[in-house]
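J.: Okay, here's the structure, questions in a sec.
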Amino acid sequence: MPLPPLPLEAIAIGVHVDDWRGAVAAAGDALERSGATTPEYTKRMIAVIEEFGAYVVIAPGLALAHARPGPDVHSEGLSIVTLAEPVAFGHPHNDPVSVVLGLAVTSSDEHVLLVAELANVFNDPHVIPSLAAATEADAIRALLGVPTPTEEPS
């Protein structure tokens, strides 16, 4: 399963936040701007971390913010936020975080497939620091292997 499209509205570069909640809210805002979710989904992403902890910090410097499928998800979606200054999520090994991906899915099966696809991307140890340093949306899309909105997936 290819990664979902990454429209310009779903990308935020060099965002200033105060803490992990602000970082997750920025990823949720980007999902909302892209049309994938409603504001309620962002609230649920934050609530998941408050309840279960920083398990979303899946690699050094990288958080994968998400929540279960629900009526606040209009379509599968991916967002990416790079932070101007890294923030701590409370993970014992992978803090601080400088890149936050937002993931929205409409089914549990989609979740498993998209996380597996993302894992393939992040097998390359250079991707996270390259994303954190990226200054243009096209560079981010290229690193993730996501086509620009005018390209068709191959």
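Residue names in the structure tokens use chain letters A, B, ... in the order shown, residue numbers from 1 in each chain, and ligand numbers from 1 in the order shown.
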Per residue of stretch 14-100 of chain A within 12 Å of stretch 115-125 of chain A, note the shortest atom pair and the distance in Å to one decimal, counting only C-alpha atoms, and order the rows by chain and increasing residue number, as a Markdown table.
T.:
```
| residue | atom | partner | partner_atom | distance |
| --- | --- | --- | --- | --- |
| A:Val56 | CA | A:Val115 | CA | 11.6 |
| A:Ile58 | CA | A:Ala119 | CA | 9.5 |
| A:Ala59 | CA | A:Phe122 | CA | 8.6 |
| A:Pro60 | CA | A:Pro125 | CA | 9.8 |
| A:Gly61 | CA | A:Pro125 | CA | 11.2 |
| A:Leu62 | CA | A:Phe122 | CA | 9.6 |
| A:Ala63 | CA | A:Phe122 | CA | 11.7 |
| A:Leu64 | CA | A:Val115 | CA | 9.1 |
| A:Ala65 | CA | A:Val115 | CA | 11.3 |
| A:His66 | CA | A:Val115 | CA | 10.6 |
| A:Leu78 | CA | A:Leu118 | CA | 10.5 |
```
J.: Give me, as a VMD selection string, all polymer residues having an atom no more than 9 Å from A:Gly102, counting only C-alpha atoms and skipping those fewer than 3 positions away in the same chain.
T.: chain A and resid 10 24 26 to 28 30 to 31 45 63 to 66 77 to 81
J.: Could you state the separation of atom CA of A:Leu6 and atom CA of A:Ala134 in Å, given to one decimal place?
T.: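 Between these atoms lies a distance of 15.0 Å.
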J.: Counting only C-alpha atoms, figure out which residue out of A:Ile11, A:Trp20, A:Arg33, A:Tyr55 gets nearest to A:His93.
T.: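 For A:His93, the nearest of the candidates is A:Tyr55.
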J.: Excluding same-chain residues fewer than 5 positions from A:Val87, what lies within 10 Å of it counting only C-alpha atoms, as a list of chain:residue names?
T.: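 Contacts, with the query itself left out: A:His16, A:Val17, A:Asp18, A:Asp19, A:Trp20, A:Arg21, A:Gly22, A:Ala23, A:Gly61, A:Asp95, A:Pro96, A:Val97, A:Ser98, A:Val99.
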J.: Could you go through chain A and tell me which residues DSSP, when run on the backbone, assigns to strand (DSSP E), listing them as number ranges by chain?
T.: A: 11-15, 57-59, 62-66, 77-87, 97-104
J.: Fewer than 6 positions away in the same chain doesn't count, so skip those; otherwise give me all residues within 7 Å of A:Asp72, counting only C-alpha atoms, as a PyMOL selection string.
T.: chain A and resi 37-38+40-41
J.: Tell me which of A:Ala36, A:Val15, A:Leu103, A:Ala54 sits closest to A:Gly90, counting only C-alpha atoms.
T.: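 Of all the options, A:Ala54 lies closest to A:Gly90.
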J.: Give me the residues within 10 Å of A:His74 as an MDAnalysis selection string, counting only C-alpha atoms and dropping any in the same chain fewer than 4 places off.
T.: chainID A and resid 32 35:38 69:70 104:106
J.: Using N, CA, C and O atoms, can you export the residues from the last selection as a CSV table (one decimal), in the first residue's frame?
T.:
```
chain,number,residue,atom,x,y,z
A,32,GLU,N,-6.1,18.3,9.3
A,32,GLU,CA,-7.3,19.0,9.1
A,32,GLU,C,-7.3,19.9,7.9
A,32,GLU,O,-8.2,19.9,7.1
A,35,GLY,N,-7.9,18.1,4.8
A,35,GLY,CA,-9.3,17.6,4.6
A,35,GLY,C,-9.4,16.1,5.1
A,35,GLY,O,-10.5,15.6,5.0
A,36,ALA,N,-8.4,15.5,5.7
A,36,ALA,CA,-8.4,14.1,6.1
A,36,ALA,C,-9.2,14.0,7.4
A,36,ALA,O,-9.8,12.9,7.6
A,37,THR,N,-9.1,15.0,8.3
A,37,THR,CA,-9.7,14.8,9.6
A,37,THR,C,-10.5,16.1,10.1
A,37,THR,O,-10.4,17.1,9.4
A,38,THR,N,-11.1,16.0,11.2
A,38,THR,CA,-11.7,17.1,11.9
A,38,THR,C,-10.9,17.5,13.1
A,38,THR,O,-10.0,16.7,13.5
A,69,PRO,N,-9.2,4.7,14.1
A,69,PRO,CA,-10.2,5.2,13.2
A,69,PRO,C,-11.5,5.6,13.9
A,69,PRO,O,-11.8,5.1,14.9
A,70,GLY,N,-12.2,6.6,13.3
A,70,GLY,CA,-13.4,7.1,13.9
A,70,GLY,C,-14.1,8.0,13.0
A,70,GLY,O,-13.6,8.3,11.9
A,104,ALA,N,-3.7,9.4,9.8
A,104,ALA,CA,-5.2,9.2,10.0
A,104,ALA,C,-5.6,8.1,9.0
A,104,ALA,O,-5.2,8.1,7.9
A,105,VAL,N,-6.3,7.1,9.6
A,105,VAL,CA,-6.8,6.0,8.8
A,105,VAL,C,-8.2,5.7,9.0
A,105,VAL,O,-8.8,6.1,10.1
A,106,THR,N,-8.9,5.1,8.1
A,106,THR,CA,-10.3,4.8,8.2
A,106,THR,C,-10.6,3.4,8.7
A,106,THR,O,-11.7,3.0,8.9
```
